[in-house]
Amino acid sequence: MQEKLNREFDKLNEYQKAAVLDYSKALMVNAHVGSGKTTVLINKIIYLHFVKGVALQSMAVLTFTNKAAQEIKDRVKKLHNSLGDSLVNSPLEDEEMKFFGTFHSVARMLLSKVLPVENLGFTKDFSVIDPEEALELYDRVINENKFTVKYRNKLHKRLEKLKQGKLLYANMKNDDDLNEFYSALKKAKIKSNVMEFDDLMEYSVQLLQQNSYHPEWVIIDEYQDCDKVQQSFIDALQKEQAKLFAVGDPNQIIYSWRGSSQSPFEDFKSRYHAKELTLPVNYRSTSNILNAAKSLLDNGSGLIGIREEGHPIVIKKHYNTFNEAIYLSEAIKRLVDSGLKYNDIAIFYRKQKQSEVFREVFDNTNIPYEVSVRKTLRDIPVLFWVVRLLKAAINNLDKDSLRYVLRDNRYGLGMNDKQINKLFEDKGEANKAALNLILKLKEFGDWCRIRDRISPEELFEYFDINLYLMPTSISFKEDSDLVLSYLKEIWNYIEFTGSTVFDGIKEFMNTSSLYGSQILSEAVHKEQNSVKLMTLHASKGLEFSHVYISGANLGNIPMARNEEEQKEELRLFFVGVTRAKDYLEISYHTSVEDFGVFSVPSPFLRMIPENLIQSEDYGSRAASLTALRKEIKRNIDSKKEETKESSENVLETQVISKALVRHDKYGEGRVITEDDDNVTVFFETYGEKTFSKMFSQLKYL
DNA sequence: GGTGTCTCCGTTTTT
DNA sequence: CGGAGACACC
């Protein structure tokens, strides 16, 4: 056993090993990009468990996404079982990792299993509602109390601001009842026994502070993304007693816009007197790519590469996204012909909207692709309807779900609010179908209790679900298959937890909004061998052999804003660049229609040293090079006319000539000639030098 | 209730 | 710039 462990730890490099074998009370691991962060985390857990004898149940392992949590659990399980001496250790059960999960799922677990949530007015089987269910609740509370609330379509944002003590639409002529609404909402949530995502964190922090629970170890993945609430959650869990282990990369802070600290690492170190270790070795990228990435960092010297030089970074100028998409579909076909797989290739962009053109062109050119968009149960209406039906069945207090089931006109009964209110008040002509459904919902608990075994099919029949799916409709087969496979998913869970059908469904439904998208992602990822299209944000944590970053224009990457936000955009760009293992291509467009985006390459491109770059003008091989140039110039000029006032700096540096400039290496010099692409500068000590205009780091004085 | 003017905001997004 | 909503006025 000990030998096996040693062999396992010997696979690590010296820095990784130091982080794993450290036994400080609080340790922060500064894990550079591609340095084996997750491997260290897994080995740390195994080390603590087997060497230091810490039970897995007494570790809280916190991640941001379900995907990361699942990966950690899978890998710990695998490593644990491969090390385990079958005489001493039995295979690892999921139950032992019950405090491994996202911040929200661990908070929920604590609230429903450990902490006295009753003190706040909830019961242990409260359910978690997603933002859209919350919106239904908001509507109901506003209507019931006859509140005046303006800007209803931005209510979620307004509430968020309110919680931060700020106001959206601060200059409203006549105030509305937002504050009153907010306190009424709090009460309504307690009455319906539901919590929103934020409530999970807020309430668990509150109760943790008042009660004496803490785990032995708190282990945090991607610490740089912690927002203030998550930090106080860690603090409340730690309680000056639990030991801490956190990994993260300050160069990859890309979510501070939702309220993470500006310097999470410094905060952590001073708060917990934490020791810091570094993982510097990047195994992922060629040295050209890694050096380009380092040039984007303030202090990239800590990052060490081990790979060969590789292909230069290609920077391509395209007329617009459409032209680029055509070019890419050809390029991708060539790559695949030469042996690369579609899923080795990814295209990143700043905004979801940018994916539309790629989809269209790839559809027409038969390139298999997959776009990462947020998918929830709500994106499959039939499943969402069934979920609401089951929620109403297991919780008769959940009037919002009942309303949804009755109101929905595709699968439900298509009733309006007036009719539903009448039904609830026992007035007027009763709708027979509705009464029948309500009766079934009420009796569901008893129906479950008097049976030992219930199959998904029996449940399907009990509610006459076929009837609601409309057997004559075209989508009937598809819909009923979806429902049945979803029910089977629930039954797997019931079997796994060993609970009764009723309790199992209840537990599953109460948490479905926390894991909803995860269930779907497997269905969505059926097409494995496809080109992946995603936003730069979504690319974090992934890697691909070939990466194309599209639309590196000023106003897009970065979206021109204040300095602090620009720094974050640079880190976002850094994240995108460092996803590439072997080949990186970055494009910018000369014709841009988007509001706020300019026909000018991103200033970030000029930060990359020229010697790492191969700059290509797509279409320059065509005969009409000059025509194309002229067209591009016309475009830039017309855009300049339009936006003369709004954009000062970057445009101007390209208009001034015979100007005094400074170069990092050659010092001060004077511009001699300059055209669309190049600048020739005379330096006192070095003579004449010509630079590519887009990428040289000349400063105009 | 209809119409014209004014103001604010826009992007990224996990749970 | 363009859309959504509030507000003022008829």
# chains A, B, ... in the order shown; residues from 1 in each chain; ligands from 1
$ interface_residues --of "chain B" --to "chain A" --cutoff "7 Å" --atoms "only C-alpha atoms (C1' of nucleotides)" --output "PDB file with C-alpha atoms (C1' of nucleotides), in the first residue's frame"
ATOM      1  C1'  DT B  11     -21.421  41.595 -22.848  1.00  0.00           C
ATOM      2  C1'  DT B  12     -19.588  37.493 -20.331  1.00  0.00           C
ATOM      3  C1'  DT B  14     -22.244  29.115 -12.707  1.00  0.00           C
ATOM      4  C1'  DT B  15     -25.600  27.591  -9.512  1.00  0.00           C
TER       5       DT B  15
END
$ closest_atom_pairs --of "region 129-204 of chain A" --to "chain C" --cutoff "12 Å" --atoms "only C-alpha atoms (C1' of nucleotides)" --output "JSON lines"
{"residue": "A:Val149", "atom": "CA", "partner": "C:DA6", "partner_atom": "C1'", "distance": 11.7}
{"residue": "A:Lys150", "atom": "CA", "partner": "C:DA6", "partner_atom": "C1'", "distance": 8.4}
{"residue": "A:Tyr151", "atom": "CA", "partner": "C:DG5", "partner_atom": "C1'", "distance": 6.8}
{"residue": "A:Arg152", "atom": "CA", "partner": "C:DG5", "partner_atom": "C1'", "distance": 9.6}
{"residue": "A:Asn153", "atom": "CA", "partner": "C:DA4", "partner_atom": "C1'", "distance": 9.2}
{"residue": "A:Lys154", "atom": "CA", "partner": "C:DA4", "partner_atom": "C1'", "distance": 10.4}
{"residue": "A:Tyr169", "atom": "CA", "partner": "C:DA6", "partner_atom": "C1'", "distance": 10.7}
{"residue": "A:Asn171", "atom": "CA", "partner": "C:DA6", "partner_atom": "C1'", "distance": 11.1}
{"residue": "A:Met172", "atom": "CA", "partner": "C:DA6", "partner_atom": "C1'", "distance": 8.3}
{"residue": "A:Lys173", "atom": "CA", "partner": "C:DC7", "partner_atom": "C1'", "distance": 8.0}
{"residue": "A:Asn174", "atom": "CA", "partner": "C:DC7", "partner_atom": "C1'", "distance": 9.4}
{"residue": "A:Asp175", "atom": "CA", "partner": "C:DA6", "partner_atom": "C1'", "distance": 11.4}
{"residue": "A:Asp176", "atom": "CA", "partner": "C:DA6", "partner_atom": "C1'", "distance": 11.8}
$ select_by_dssp --residues "region 411-506 of chain A" --states "helix (DSSP H, G or I)" --output "NGL selection string"
:A and (417-424 or 432-449 or 456-462 or 465-468 or 476-497 or 501-506)
$ residues_around --residues "Met97 (chain A)" --least-positions-apart "5" --cutoff "10 Å" --atoms "only C-alpha atoms (C1' of nucleotides)" --output "list in words"
Ala55, Leu56, Gln57, Ser58, Met59, Ala60, Val61, Lys73, Val76, Lys77 and Leu92 of chain A
$ atom_distance --atom1 "CA of Gln164 (chain A)" --atom2 "CA of Glu565 (chain A)"
19.1 Å
$ select_by_dssp --residues "region 345-573 of chain A" --states "strand (DSSP E)" --output "MDAnalysis selection string"
chainID A and resid 345:349 369:371 531:535 544:549
$ residues_around --residues "Ile304 (chain A)" --least-positions-apart "2" --cutoff "8 Å" --atoms "only C-alpha atoms (C1' of nucleotides)" --output "list in words"
Pro280, Val281, Asn282, Ser301, Gly302 and Ile306 of chain A
